[in-house]
>>> print(open('start02.cif').read())   # mmCIF, C-alpha atoms, pLDDT in the B column; chains and numbers go by the auth columns
data_structure
#
loop_
_atom_site.group_PDB
_atom_site.id
_atom_site.type_symbol
_atom_site.label_atom_id
_atom_site.label_comp_id
_atom_site.label_asym_id
_atom_site.label_seq_id
_atom_site.Cartn_x
_atom_site.Cartn_y
_atom_site.Cartn_z
_atom_site.B_iso_or_equiv
_atom_site.auth_seq_id
_atom_site.auth_asym_id
ATOM 1 C CA MET A 1 -26.184 -83.245 -7.258 44.00 1 A
ATOM 2 C CA GLN A 2 -25.002 -82.115 -10.682 47.00 2 A
ATOM 3 C CA LEU A 3 -26.495 -78.871 -11.956 47.00 3 A
ATOM 4 C CA SER A 4 -27.783 -78.606 -15.492 41.00 4 A
ATOM 5 C CA ALA A 5 -25.922 -76.524 -18.058 50.00 5 A
ATOM 6 C CA ALA A 6 -28.559 -73.766 -17.975 53.00 6 A
ATOM 7 C CA PRO A 7 -30.279 -73.856 -14.585 81.00 7 A
ATOM 8 C CA TYR A 8 -33.766 -72.465 -14.478 89.00 8 A
ATOM 9 C CA GLU A 9 -35.961 -71.595 -11.536 91.00 9 A
ATOM 10 C CA GLU A 10 -39.274 -69.791 -11.464 91.00 10 A
ATOM 11 C CA ARG A 11 -41.794 -69.256 -8.703 91.00 11 A
ATOM 12 C CA LEU A 12 -45.355 -68.724 -9.857 90.00 12 A
ATOM 13 C CA THR A 13 -46.395 -66.193 -7.250 89.00 13 A
ATOM 14 C CA ALA A 14 -49.967 -65.039 -6.840 89.00 14 A
ATOM 15 C CA PRO A 15 -50.817 -61.657 -8.374 89.00 15 A
ATOM 16 C CA ARG A 16 -50.837 -58.540 -6.190 90.00 16 A
ATOM 17 C CA SER A 17 -54.602 -58.204 -6.419 92.00 17 A
ATOM 18 C CA TRP A 18 -54.951 -61.493 -4.520 92.00 18 A
ATOM 19 C CA TRP A 19 -53.160 -59.936 -1.547 93.00 19 A
ATOM 20 C CA LEU A 20 -55.736 -57.124 -1.558 95.00 20 A
ATOM 21 C CA ILE A 21 -58.459 -59.779 -1.589 96.00 21 A
ATOM 22 C CA SER A 22 -56.759 -61.423 1.412 96.00 22 A
ATOM 23 C CA PHE A 23 -57.016 -58.134 3.280 97.00 23 A
ATOM 24 C CA LEU A 24 -60.658 -57.772 2.246 97.00 24 A
ATOM 25 C CA VAL A 25 -61.363 -61.243 3.663 97.00 25 A
ATOM 26 C CA GLY A 26 -59.971 -59.945 6.957 97.00 26 A
ATOM 27 C CA VAL A 27 -62.185 -56.861 6.741 97.00 27 A
ATOM 28 C CA SER A 28 -65.182 -59.128 6.125 97.00 28 A
ATOM 29 C CA MET A 29 -64.339 -61.183 9.209 97.00 29 A
ATOM 30 C CA ALA A 30 -63.985 -57.960 11.209 97.00 30 A
ATOM 31 C CA LEU A 31 -67.421 -56.803 10.074 97.00 31 A
ATOM 32 C CA ILE A 32 -68.934 -60.164 10.963 97.00 32 A
ATOM 33 C CA LEU A 33 -67.467 -59.946 14.478 96.00 33 A
ATOM 34 C CA LEU A 34 -68.202 -56.219 14.960 96.00 34 A
ATOM 35 C CA PRO A 35 -71.401 -56.851 17.019 96.00 35 A
ATOM 36 C CA PHE A 36 -69.308 -58.725 19.601 96.00 36 A
ATOM 37 C CA GLY A 37 -67.049 -55.744 20.370 95.00 37 A
ATOM 38 C CA THR A 38 -63.794 -54.106 19.393 95.00 38 A
ATOM 39 C CA LEU A 39 -61.434 -56.861 20.473 97.00 39 A
ATOM 40 C CA PRO A 40 -63.218 -59.654 18.551 96.00 40 A
ATOM 41 C CA MET A 41 -63.431 -57.312 15.551 97.00 41 A
ATOM 42 C CA LEU A 42 -59.662 -56.732 15.614 97.00 42 A
ATOM 43 C CA GLY A 43 -59.100 -60.452 16.079 97.00 43 A
ATOM 44 C CA GLY A 44 -61.300 -61.150 13.073 96.00 44 A
ATOM 45 C CA LEU A 45 -59.374 -58.609 10.998 97.00 45 A
ATOM 46 C CA ALA A 46 -56.011 -60.106 11.951 97.00 46 A
ATOM 47 C CA GLY A 47 -57.113 -63.744 11.835 97.00 47 A
ATOM 48 C CA GLY A 48 -59.092 -63.472 8.592 97.00 48 A
ATOM 49 C CA THR A 49 -56.296 -61.589 6.844 97.00 49 A
ATOM 50 C CA ALA A 50 -53.679 -64.052 8.103 97.00 50 A
ATOM 51 C CA ALA A 51 -55.706 -67.119 7.061 97.00 51 A
ATOM 52 C CA ALA A 52 -56.389 -65.732 3.589 96.00 52 A
ATOM 53 C CA ALA A 53 -52.732 -64.714 3.227 95.00 53 A
ATOM 54 C CA VAL A 54 -51.587 -68.247 4.109 95.00 54 A
ATOM 55 C CA VAL A 55 -53.894 -69.708 1.457 94.00 55 A
ATOM 56 C CA THR A 56 -52.725 -67.145 -1.133 92.00 56 A
ATOM 57 C CA SER A 57 -49.079 -67.752 -0.300 91.00 57 A
ATOM 58 C CA SER A 58 -49.333 -71.531 -0.456 89.00 58 A
ATOM 59 C CA TYR A 59 -51.127 -71.421 -3.819 85.00 59 A
ATOM 60 C CA GLY A 60 -48.531 -68.983 -5.135 81.00 60 A
ATOM 61 C CA SER A 61 -45.484 -70.870 -3.927 83.00 61 A
ATOM 62 C CA VAL A 62 -45.294 -73.470 -6.698 90.00 62 A
ATOM 63 C CA ARG A 63 -41.891 -73.648 -8.387 92.00 63 A
ATOM 64 C CA ILE A 64 -40.678 -74.798 -11.768 94.00 64 A
ATOM 65 C CA ARG A 65 -37.015 -75.817 -11.897 94.00 65 A
ATOM 66 C CA VAL A 66 -34.608 -77.480 -14.280 93.00 66 A
ATOM 67 C CA VAL A 67 -31.787 -78.879 -12.200 90.00 67 A
ATOM 68 C CA GLY A 68 -29.694 -82.022 -12.091 84.00 68 A
ATOM 69 C CA GLY A 69 -31.061 -83.400 -15.345 88.00 69 A
ATOM 70 C CA HIS A 70 -34.655 -83.153 -14.112 92.00 70 A
ATOM 71 C CA LEU A 71 -37.633 -80.929 -14.685 93.00 71 A
ATOM 72 C CA ILE A 72 -39.241 -80.268 -11.317 93.00 72 A
ATOM 73 C CA ALA A 73 -42.685 -78.692 -11.635 93.00 73 A
ATOM 74 C CA GLY A 74 -44.612 -78.538 -8.402 88.00 74 A
ATOM 75 C CA GLU A 75 -44.537 -82.075 -7.038 90.00 75 A
ATOM 76 C CA ALA A 76 -43.616 -83.699 -10.367 90.00 76 A
ATOM 77 C CA LYS A 77 -39.993 -84.668 -11.002 93.00 77 A
ATOM 78 C CA ILE A 78 -39.349 -85.768 -14.587 92.00 78 A
ATOM 79 C CA PRO A 79 -35.945 -86.659 -16.055 92.00 79 A
ATOM 80 C CA VAL A 80 -35.202 -84.525 -19.116 91.00 80 A
ATOM 81 C CA SER A 81 -34.299 -87.711 -21.001 90.00 81 A
ATOM 82 C CA ALA A 82 -38.007 -88.661 -20.874 91.00 82 A
ATOM 83 C CA LEU A 83 -39.071 -85.373 -22.435 92.00 83 A
ATOM 84 C CA GLY A 84 -39.437 -84.510 -26.113 91.00 84 A
ATOM 85 C CA GLU A 85 -39.667 -81.159 -27.841 91.00 85 A
ATOM 86 C CA ALA A 86 -40.976 -78.175 -25.928 92.00 86 A
ATOM 87 C CA GLU A 87 -43.584 -76.013 -27.655 93.00 87 A
ATOM 88 C CA VAL A 88 -43.833 -72.389 -26.540 94.00 88 A
ATOM 89 C CA LEU A 89 -47.496 -71.325 -26.352 92.00 89 A
ATOM 90 C CA ASP A 90 -48.809 -67.778 -26.496 90.00 90 A
ATOM 91 C CA ALA A 91 -51.813 -66.752 -24.410 88.00 91 A
ATOM 92 C CA GLU A 92 -54.422 -67.810 -26.988 91.00 92 A
ATOM 93 C CA GLU A 93 -52.807 -71.180 -27.748 92.00 93 A
ATOM 94 C CA ALA A 94 -52.269 -71.833 -24.019 90.00 94 A
ATOM 95 C CA ARG A 95 -55.981 -71.241 -23.410 91.00 95 A
ATOM 96 C CA ALA A 96 -56.811 -73.752 -26.155 91.00 96 A
ATOM 97 C CA TRP A 97 -54.500 -76.399 -24.622 91.00 97 A
ATOM 98 C CA ARG A 98 -56.057 -75.777 -21.189 89.00 98 A
ATOM 99 C CA THR A 99 -59.562 -76.314 -22.541 90.00 99 A
ATOM 100 C CA HIS A 100 -60.704 -78.090 -25.697 91.00 100 A
ATOM 101 C CA LYS A 101 -57.296 -79.430 -26.827 92.00 101 A
ATOM 102 C CA ALA A 102 -56.421 -80.830 -23.397 90.00 102 A
ATOM 103 C CA ASP A 103 -55.818 -84.534 -22.914 91.00 103 A
ATOM 104 C CA PRO A 104 -57.096 -85.766 -19.530 93.00 104 A
ATOM 105 C CA ARG A 105 -53.989 -87.944 -19.131 93.00 105 A
ATOM 106 C CA CYS A 106 -51.530 -85.018 -19.282 93.00 106 A
ATOM 107 C CA PHE A 107 -49.796 -83.394 -16.335 93.00 107 A
ATOM 108 C CA MET A 108 -50.870 -79.765 -15.971 93.00 108 A
ATOM 109 C CA LEU A 109 -49.403 -77.133 -13.710 93.00 109 A
ATOM 110 C CA LEU A 110 -51.960 -74.389 -14.273 91.00 110 A
ATOM 111 C CA ARG A 111 -52.036 -70.849 -13.058 88.00 111 A
ATOM 112 C CA ALA A 112 -54.785 -68.918 -14.842 84.00 112 A
ATOM 113 C CA TYR A 113 -53.140 -65.591 -14.042 87.00 113 A
ATOM 114 C CA VAL A 114 -50.018 -66.569 -16.030 88.00 114 A
ATOM 115 C CA PRO A 115 -50.760 -66.063 -19.746 87.00 115 A
ATOM 116 C CA GLY A 116 -47.828 -67.964 -21.284 89.00 116 A
ATOM 117 C CA ALA A 117 -47.238 -71.684 -21.201 94.00 117 A
ATOM 118 C CA LEU A 118 -44.999 -74.483 -22.391 95.00 118 A
ATOM 119 C CA ARG A 119 -46.184 -77.857 -23.689 95.00 119 A
ATOM 120 C CA ILE A 120 -43.571 -80.615 -23.552 95.00 120 A
ATOM 121 C CA ASP A 121 -44.094 -84.038 -25.094 94.00 121 A
ATOM 122 C CA VAL A 122 -43.305 -87.038 -22.884 93.00 122 A
ATOM 123 C CA THR A 123 -41.340 -89.607 -24.914 92.00 123 A
ATOM 124 C CA ASP A 124 -41.046 -92.344 -22.288 89.00 124 A
ATOM 125 C CA PRO A 125 -43.064 -95.308 -23.658 89.00 125 A
ATOM 126 C CA ALA A 126 -43.729 -96.607 -20.128 89.00 126 A
ATOM 127 C CA ASP A 127 -45.354 -93.328 -19.098 88.00 127 A
ATOM 128 C CA PRO A 128 -49.036 -92.941 -20.053 92.00 128 A
ATOM 129 C CA THR A 129 -48.749 -89.141 -19.795 91.00 129 A
ATOM 130 C CA PRO A 130 -48.721 -87.738 -23.354 93.00 130 A
ATOM 131 C CA TYR A 131 -47.373 -84.297 -22.467 94.00 131 A
ATOM 132 C CA VAL A 132 -46.661 -81.837 -19.696 95.00 132 A
ATOM 133 C CA PHE A 133 -48.387 -78.441 -19.712 95.00 133 A
ATOM 134 C CA LEU A 134 -46.737 -75.759 -17.578 95.00 134 A
ATOM 135 C CA SER A 135 -47.942 -72.213 -17.013 93.00 135 A
ATOM 136 C CA THR A 136 -44.831 -70.049 -17.044 93.00 136 A
ATOM 137 C CA ARG A 137 -43.981 -66.389 -17.363 92.00 137 A
ATOM 138 C CA GLU A 138 -40.821 -67.192 -19.348 91.00 138 A
ATOM 139 C CA PRO A 139 -41.633 -70.094 -21.713 93.00 139 A
ATOM 140 C CA GLU A 140 -38.720 -69.375 -24.102 94.00 140 A
ATOM 141 C CA ARG A 141 -36.157 -69.408 -21.291 93.00 141 A
ATOM 142 C CA LEU A 142 -37.626 -72.618 -19.835 94.00 142 A
ATOM 143 C CA ALA A 143 -37.542 -74.305 -23.252 93.00 143 A
ATOM 144 C CA GLN A 144 -33.918 -73.212 -23.678 92.00 144 A
ATOM 145 C CA ALA A 145 -32.997 -74.572 -20.222 92.00 145 A
ATOM 146 C CA LEU A 146 -34.673 -77.907 -21.058 92.00 146 A
ATOM 147 C CA ARG A 147 -32.752 -78.139 -24.361 91.00 147 A
ATOM 148 C CA ALA A 148 -29.487 -77.375 -22.561 89.00 148 A
ATOM 149 C CA ALA A 149 -30.211 -79.914 -19.821 89.00 149 A
ATOM 150 C CA LYS A 150 -31.102 -82.542 -22.415 87.00 150 A
ATOM 151 C CA ALA A 151 -27.904 -81.835 -24.358 85.00 151 A
ATOM 152 C CA GLY A 152 -25.934 -82.128 -21.114 78.00 152 A
ATOM 153 C CA ALA A 153 -27.647 -85.418 -20.267 71.00 153 A
ATOM 154 C CA ASP A 154 -26.992 -86.795 -23.772 70.00 154 A
ATOM 155 C CA ALA A 155 -23.321 -85.784 -23.573 70.00 155 A
ATOM 156 C CA ALA A 156 -22.829 -87.436 -20.193 64.00 156 A
#
>>> encode(input="start02.cif", output="structure tokens")
Amino acid sequence: MQLSAAPYEERLTAPRSWWLISFLVGVSMALILLPFGTLPMLGGLAGGTAAAAVVTSSYGSVRIRVVGGHLIAGEAKIPVSALGEAEVLDAEEARAWRTHKADPRCFMLLRAYVPGALRIDVTDPADPTPYVFLSTREPERLAQALRAAKAGADAA
């Protein structure tokens, strides 16, 4: 697999406060099981914390990558040749594109705890998706990696 000129990889991890909430879910389970004794209470603490941590980890494990002439965002794999200009969005503009400006046909990789975003037009006429909306902590660097990958694909 050929790497793009400017590889990019980002993992949208869950915020630290969510891990505290995972622990508090375990505490809640422990309190629920407290009337049944110490051992069930400890099991509830461990099991509840572990279950909440698995959910938090799986939600926070989504990746955005630009590699091999493709944009890979979560489960979507889009060739950079099918993408148009990337528009870097600040927090306020990203909120607008997530809500009242959103097109129901677009592909959105949303993480509400990530303030920045990138909106990329889809130029493939066979694709009904008008644009791709990606929550990202580094929208400028992602846009630069997409431009470099597109230039590398055009040169090849």
>>> atom_distance(input="start02.cif", atom1="CA of Asp90 (chain A)", atom2="CA of Pro115 (chain A)")
7.2 Å
>>> atom_distance(input="start02.cif", atom1="CA of Ile72 (chain A)", atom2="CA of Pro15 (chain A)")
22.1 Å
>>> resolve_selection(input="start02.cif", expression="the PyMOL selection byres ((chain A and resi 63) around 6)", output="PyMOL selection string")
chain A and resi 10-11+62+64+74
>>> resolve_selection(input="start02.cif", expression="the PyMOL selection byres ((chain A and resi 80) around 9)", output="JSON, numbers by chain")
{"A": [66, 69, 70, 71, 78, 79, 81, 82, 83, 84, 146, 147, 149, 150, 153]}
>>> residues_around(input="start02.cif", residues="Val122 (chain A)", least_positions_apart="2", cutoff="10 Å", atoms="all atoms listed in the file", output="CSV table (one decimal) with C-alpha atoms, keeping the file's coordinate frame")
chain,number,residue,atom,x,y,z
A,78,ILE,CA,-39.3,-85.8,-14.6
A,80,VAL,CA,-35.2,-84.5,-19.1
A,81,SER,CA,-34.3,-87.7,-21.0
A,82,ALA,CA,-38.0,-88.7,-20.9
A,83,LEU,CA,-39.1,-85.4,-22.4
A,84,GLY,CA,-39.4,-84.5,-26.1
A,85,GLU,CA,-39.7,-81.2,-27.8
A,86,ALA,CA,-41.0,-78.2,-25.9
A,106,CYS,CA,-51.5,-85.0,-19.3
A,107,PHE,CA,-49.8,-83.4,-16.3
A,119,ARG,CA,-46.2,-77.9,-23.7
A,120,ILE,CA,-43.6,-80.6,-23.6
A,124,ASP,CA,-41.0,-92.3,-22.3
A,125,PRO,CA,-43.1,-95.3,-23.7
A,126,ALA,CA,-43.7,-96.6,-20.1
A,127,ASP,CA,-45.4,-93.3,-19.1
A,128,PRO,CA,-49.0,-92.9,-20.1
A,129,THR,CA,-48.7,-89.1,-19.8
A,130,PRO,CA,-48.7,-87.7,-23.4
A,131,TYR,CA,-47.4,-84.3,-22.5
A,132,VAL,CA,-46.7,-81.8,-19.7
>>> closest_residue(input="start02.cif", among="A:Ala53, A:Glu9, A:Gly47, A:Thr38", to="Ser22 (chain A)", atoms="only C-alpha atoms")
A:Ala53
>>> resolve_selection(input="start02.cif", expression="the PyMOL selection byres ((chain A and resi 23-37) around 8)", output="ChimeraX atom specification")
/A:19-22,38-50,52-53
>>> atom_distance(input="start02.cif", atom1="CA of Val114 (chain A)", atom2="CA of Ser61 (chain A)")
13.6 Å
>>> residues_around(input="start02.cif", residues="Ala91 (chain A)", least_positions_apart="6", cutoff="12 Å", atoms="only C-alpha atoms", output="list in words")
Trp97, Arg98, Ala112, Tyr113, Val114, Pro115, Gly116, Ala117, Leu118, Ser135, Thr136, Arg137 and Pro139 of chain A
>>> decode(input="start02.cif", residues="region 92-107 of chain A", atoms="all heavy atoms", output="mmCIF file, in the first residue's frame")
data_model
loop_
_atom_site.group_PDB
_atom_site.id
_atom_site.type_symbol
_atom_site.label_atom_id
_atom_site.label_comp_id
_atom_site.auth_asym_id
_atom_site.auth_seq_id
_atom_site.Cartn_x
_atom_site.Cartn_y
_atom_site.Cartn_z
ATOM 1 N N GLU A 92 -18.055 27.565 16.363
ATOM 2 C CA GLU A 92 -19.393 28.110 16.083
ATOM 3 C C GLU A 92 -19.915 27.630 14.718
ATOM 4 O O GLU A 92 -21.064 27.228 14.585
ATOM 5 C CB GLU A 92 -19.354 29.634 16.139
ATOM 6 C CG GLU A 92 -20.702 30.286 16.108
ATOM 7 C CD GLU A 92 -21.562 29.919 17.316
ATOM 8 O OE1 GLU A 92 -21.015 29.744 18.414
ATOM 9 O OE2 GLU A 92 -22.788 29.805 17.134
ATOM 10 N N GLU A 93 -19.059 27.679 13.710
ATOM 11 C CA GLU A 93 -19.466 27.244 12.370
ATOM 12 C C GLU A 93 -19.697 25.731 12.347
ATOM 13 O O GLU A 93 -20.612 25.247 11.684
ATOM 14 C CB GLU A 93 -18.399 27.644 11.348
ATOM 15 C CG GLU A 93 -18.824 27.517 9.925
ATOM 16 C CD GLU A 93 -19.946 28.465 9.503
ATOM 17 O OE1 GLU A 93 -20.158 29.497 10.162
ATOM 18 O OE2 GLU A 93 -20.605 28.147 8.502
ATOM 19 N N ALA A 94 -18.893 24.978 13.088
ATOM 20 C CA ALA A 94 -19.102 23.522 13.167
ATOM 21 C C ALA A 94 -20.456 23.214 13.793
ATOM 22 O O ALA A 94 -21.166 22.316 13.333
ATOM 23 C CB ALA A 94 -17.980 22.876 13.977
ATOM 24 N N ARG A 95 -20.836 23.950 14.827
ATOM 25 C CA ARG A 95 -22.141 23.746 15.451
ATOM 26 C C ARG A 95 -23.262 24.015 14.447
ATOM 27 O O ARG A 95 -24.257 23.292 14.394
ATOM 28 C CB ARG A 95 -22.292 24.652 16.674
ATOM 29 C CG ARG A 95 -23.537 24.355 17.477
ATOM 30 C CD ARG A 95 -23.622 25.152 18.773
ATOM 31 N NE ARG A 95 -22.381 25.133 19.519
ATOM 32 C CZ ARG A 95 -21.651 26.237 19.775
ATOM 33 N NH1 ARG A 95 -22.048 27.408 19.372
ATOM 34 N NH2 ARG A 95 -20.533 26.159 20.461
ATOM 35 N N ALA A 96 -23.101 25.065 13.631
ATOM 36 C CA ALA A 96 -24.117 25.378 12.630
ATOM 37 C C ALA A 96 -24.239 24.250 11.601
ATOM 38 O O ALA A 96 -25.348 23.870 11.226
ATOM 39 C CB ALA A 96 -23.784 26.697 11.936
ATOM 40 N N TRP A 97 -23.108 23.694 11.155
ATOM 41 C CA TRP A 97 -23.144 22.610 10.162
ATOM 42 C C TRP A 97 -23.641 21.300 10.763
ATOM 43 O O TRP A 97 -24.078 20.402 10.058
ATOM 44 C CB TRP A 97 -21.786 22.419 9.508
ATOM 45 C CG TRP A 97 -21.542 23.415 8.432
ATOM 46 C CD1 TRP A 97 -20.792 24.548 8.519
ATOM 47 C CD2 TRP A 97 -22.081 23.402 7.107
ATOM 48 N NE1 TRP A 97 -20.834 25.237 7.334
ATOM 49 C CE2 TRP A 97 -21.616 24.559 6.451
ATOM 50 C CE3 TRP A 97 -22.919 22.539 6.412
ATOM 51 C CZ2 TRP A 97 -21.946 24.854 5.139
ATOM 52 C CZ3 TRP A 97 -23.252 22.826 5.110
ATOM 53 C CH2 TRP A 97 -22.760 23.974 4.487
ATOM 54 N N ARG A 98 -23.552 21.159 12.089
ATOM 55 C CA ARG A 98 -24.110 19.963 12.743
ATOM 56 C C ARG A 98 -25.609 20.079 12.924
ATOM 57 O O ARG A 98 -26.282 19.075 13.135
ATOM 58 C CB ARG A 98 -23.477 19.775 14.130
ATOM 59 C CG ARG A 98 -22.114 19.199 14.125
ATOM 60 C CD ARG A 98 -21.692 18.752 15.513
ATOM 61 N NE ARG A 98 -21.777 19.776 16.530
ATOM 62 C CZ ARG A 98 -20.739 20.470 17.004
ATOM 63 N NH1 ARG A 98 -19.541 20.260 16.518
ATOM 64 N NH2 ARG A 98 -20.914 21.362 17.942
ATOM 65 N N THR A 99 -26.131 21.300 12.895
ATOM 66 C CA THR A 99 -27.550 21.496 13.214
ATOM 67 C C THR A 99 -28.325 22.018 12.015
ATOM 68 O O THR A 99 -28.688 21.259 11.134
ATOM 69 C CB THR A 99 -27.690 22.443 14.419
ATOM 70 O OG1 THR A 99 -27.032 23.691 14.131
ATOM 71 C CG2 THR A 99 -27.080 21.840 15.671
ATOM 72 N N HIS A 100 -28.567 23.301 11.937
ATOM 73 C CA HIS A 100 -29.500 23.836 10.946
ATOM 74 C C HIS A 100 -28.957 23.887 9.517
ATOM 75 O O HIS A 100 -29.731 23.933 8.580
ATOM 76 C CB HIS A 100 -30.006 25.228 11.369
ATOM 77 C CG HIS A 100 -28.949 26.280 11.420
ATOM 78 N ND1 HIS A 100 -28.146 26.478 12.524
ATOM 79 C CD2 HIS A 100 -28.568 27.196 10.509
ATOM 80 C CE1 HIS A 100 -27.322 27.463 12.294
ATOM 81 N NE2 HIS A 100 -27.546 27.922 11.077
ATOM 82 N N LYS A 101 -27.641 23.850 9.319
ATOM 83 C CA LYS A 101 -27.087 23.838 7.968
ATOM 84 C C LYS A 101 -26.871 22.417 7.433
ATOM 85 O O LYS A 101 -26.531 22.234 6.276
ATOM 86 C CB LYS A 101 -25.740 24.562 7.932
ATOM 87 C CG LYS A 101 -25.823 26.057 8.026
ATOM 88 C CD LYS A 101 -24.438 26.642 7.834
ATOM 89 C CE LYS A 101 -24.449 28.148 7.793
ATOM 90 N NZ LYS A 101 -23.096 28.689 7.581
ATOM 91 N N ALA A 102 -27.074 21.431 8.264
ATOM 92 C CA ALA A 102 -26.765 20.045 7.896
ATOM 93 C C ALA A 102 -27.683 19.527 6.794
ATOM 94 O O ALA A 102 -28.861 19.823 6.753
ATOM 95 C CB ALA A 102 -26.871 19.142 9.117
ATOM 96 N N ASP A 103 -27.099 18.761 5.904
ATOM 97 C CA ASP A 103 -27.837 18.068 4.853
ATOM 98 C C ASP A 103 -27.994 16.609 5.307
ATOM 99 O O ASP A 103 -27.001 15.968 5.656
ATOM 100 C CB ASP A 103 -27.057 18.141 3.543
ATOM 101 C CG ASP A 103 -27.821 17.588 2.355
ATOM 102 O OD1 ASP A 103 -28.591 16.627 2.543
ATOM 103 O OD2 ASP A 103 -27.641 18.105 1.248
ATOM 104 N N PRO A 104 -29.189 16.071 5.317
ATOM 105 C CA PRO A 104 -29.373 14.700 5.800
ATOM 106 C C PRO A 104 -28.660 13.644 4.954
ATOM 107 O O PRO A 104 -28.500 12.510 5.391
ATOM 108 C CB PRO A 104 -30.882 14.486 5.774
ATOM 109 C CG PRO A 104 -31.463 15.614 5.020
ATOM 110 C CD PRO A 104 -30.453 16.700 4.952
ATOM 111 N N ARG A 105 -28.227 13.997 3.760
ATOM 112 C CA ARG A 105 -27.531 13.028 2.906
ATOM 113 C C ARG A 105 -26.034 12.972 3.174
ATOM 114 O O ARG A 105 -25.342 12.115 2.641
ATOM 115 C CB ARG A 105 -27.753 13.383 1.433
ATOM 116 C CG ARG A 105 -29.218 13.359 1.018
ATOM 117 C CD ARG A 105 -29.387 13.898 -0.379
ATOM 118 N NE ARG A 105 -28.918 15.279 -0.419
ATOM 119 C CZ ARG A 105 -28.455 15.885 -1.500
ATOM 120 N NH1 ARG A 105 -28.415 15.254 -2.641
ATOM 121 N NH2 ARG A 105 -28.062 17.142 -1.446
ATOM 122 N N CYS A 106 -25.498 13.886 3.982
ATOM 123 C CA CYS A 106 -24.043 13.949 4.178
ATOM 124 C C CYS A 106 -23.564 12.848 5.121
ATOM 125 O O CYS A 106 -24.339 12.246 5.853
ATOM 126 C CB CYS A 106 -23.637 15.316 4.706
ATOM 127 S SG CYS A 106 -24.040 15.569 6.440
ATOM 128 N N PHE A 107 -22.268 12.584 5.057
ATOM 129 C CA PHE A 107 -21.639 11.654 5.988
ATOM 130 C C PHE A 107 -21.061 12.483 7.127
ATOM 131 O O PHE A 107 -20.286 13.401 6.895
ATOM 132 C CB PHE A 107 -20.521 10.853 5.311
ATOM 133 C CG PHE A 107 -19.757 10.001 6.286
ATOM 134 C CD1 PHE A 107 -20.279 8.801 6.730
ATOM 135 C CD2 PHE A 107 -18.530 10.416 6.772
ATOM 136 C CE1 PHE A 107 -19.590 8.021 7.645
ATOM 137 C CE2 PHE A 107 -17.833 9.646 7.681
ATOM 138 C CZ PHE A 107 -18.365 8.449 8.112
#
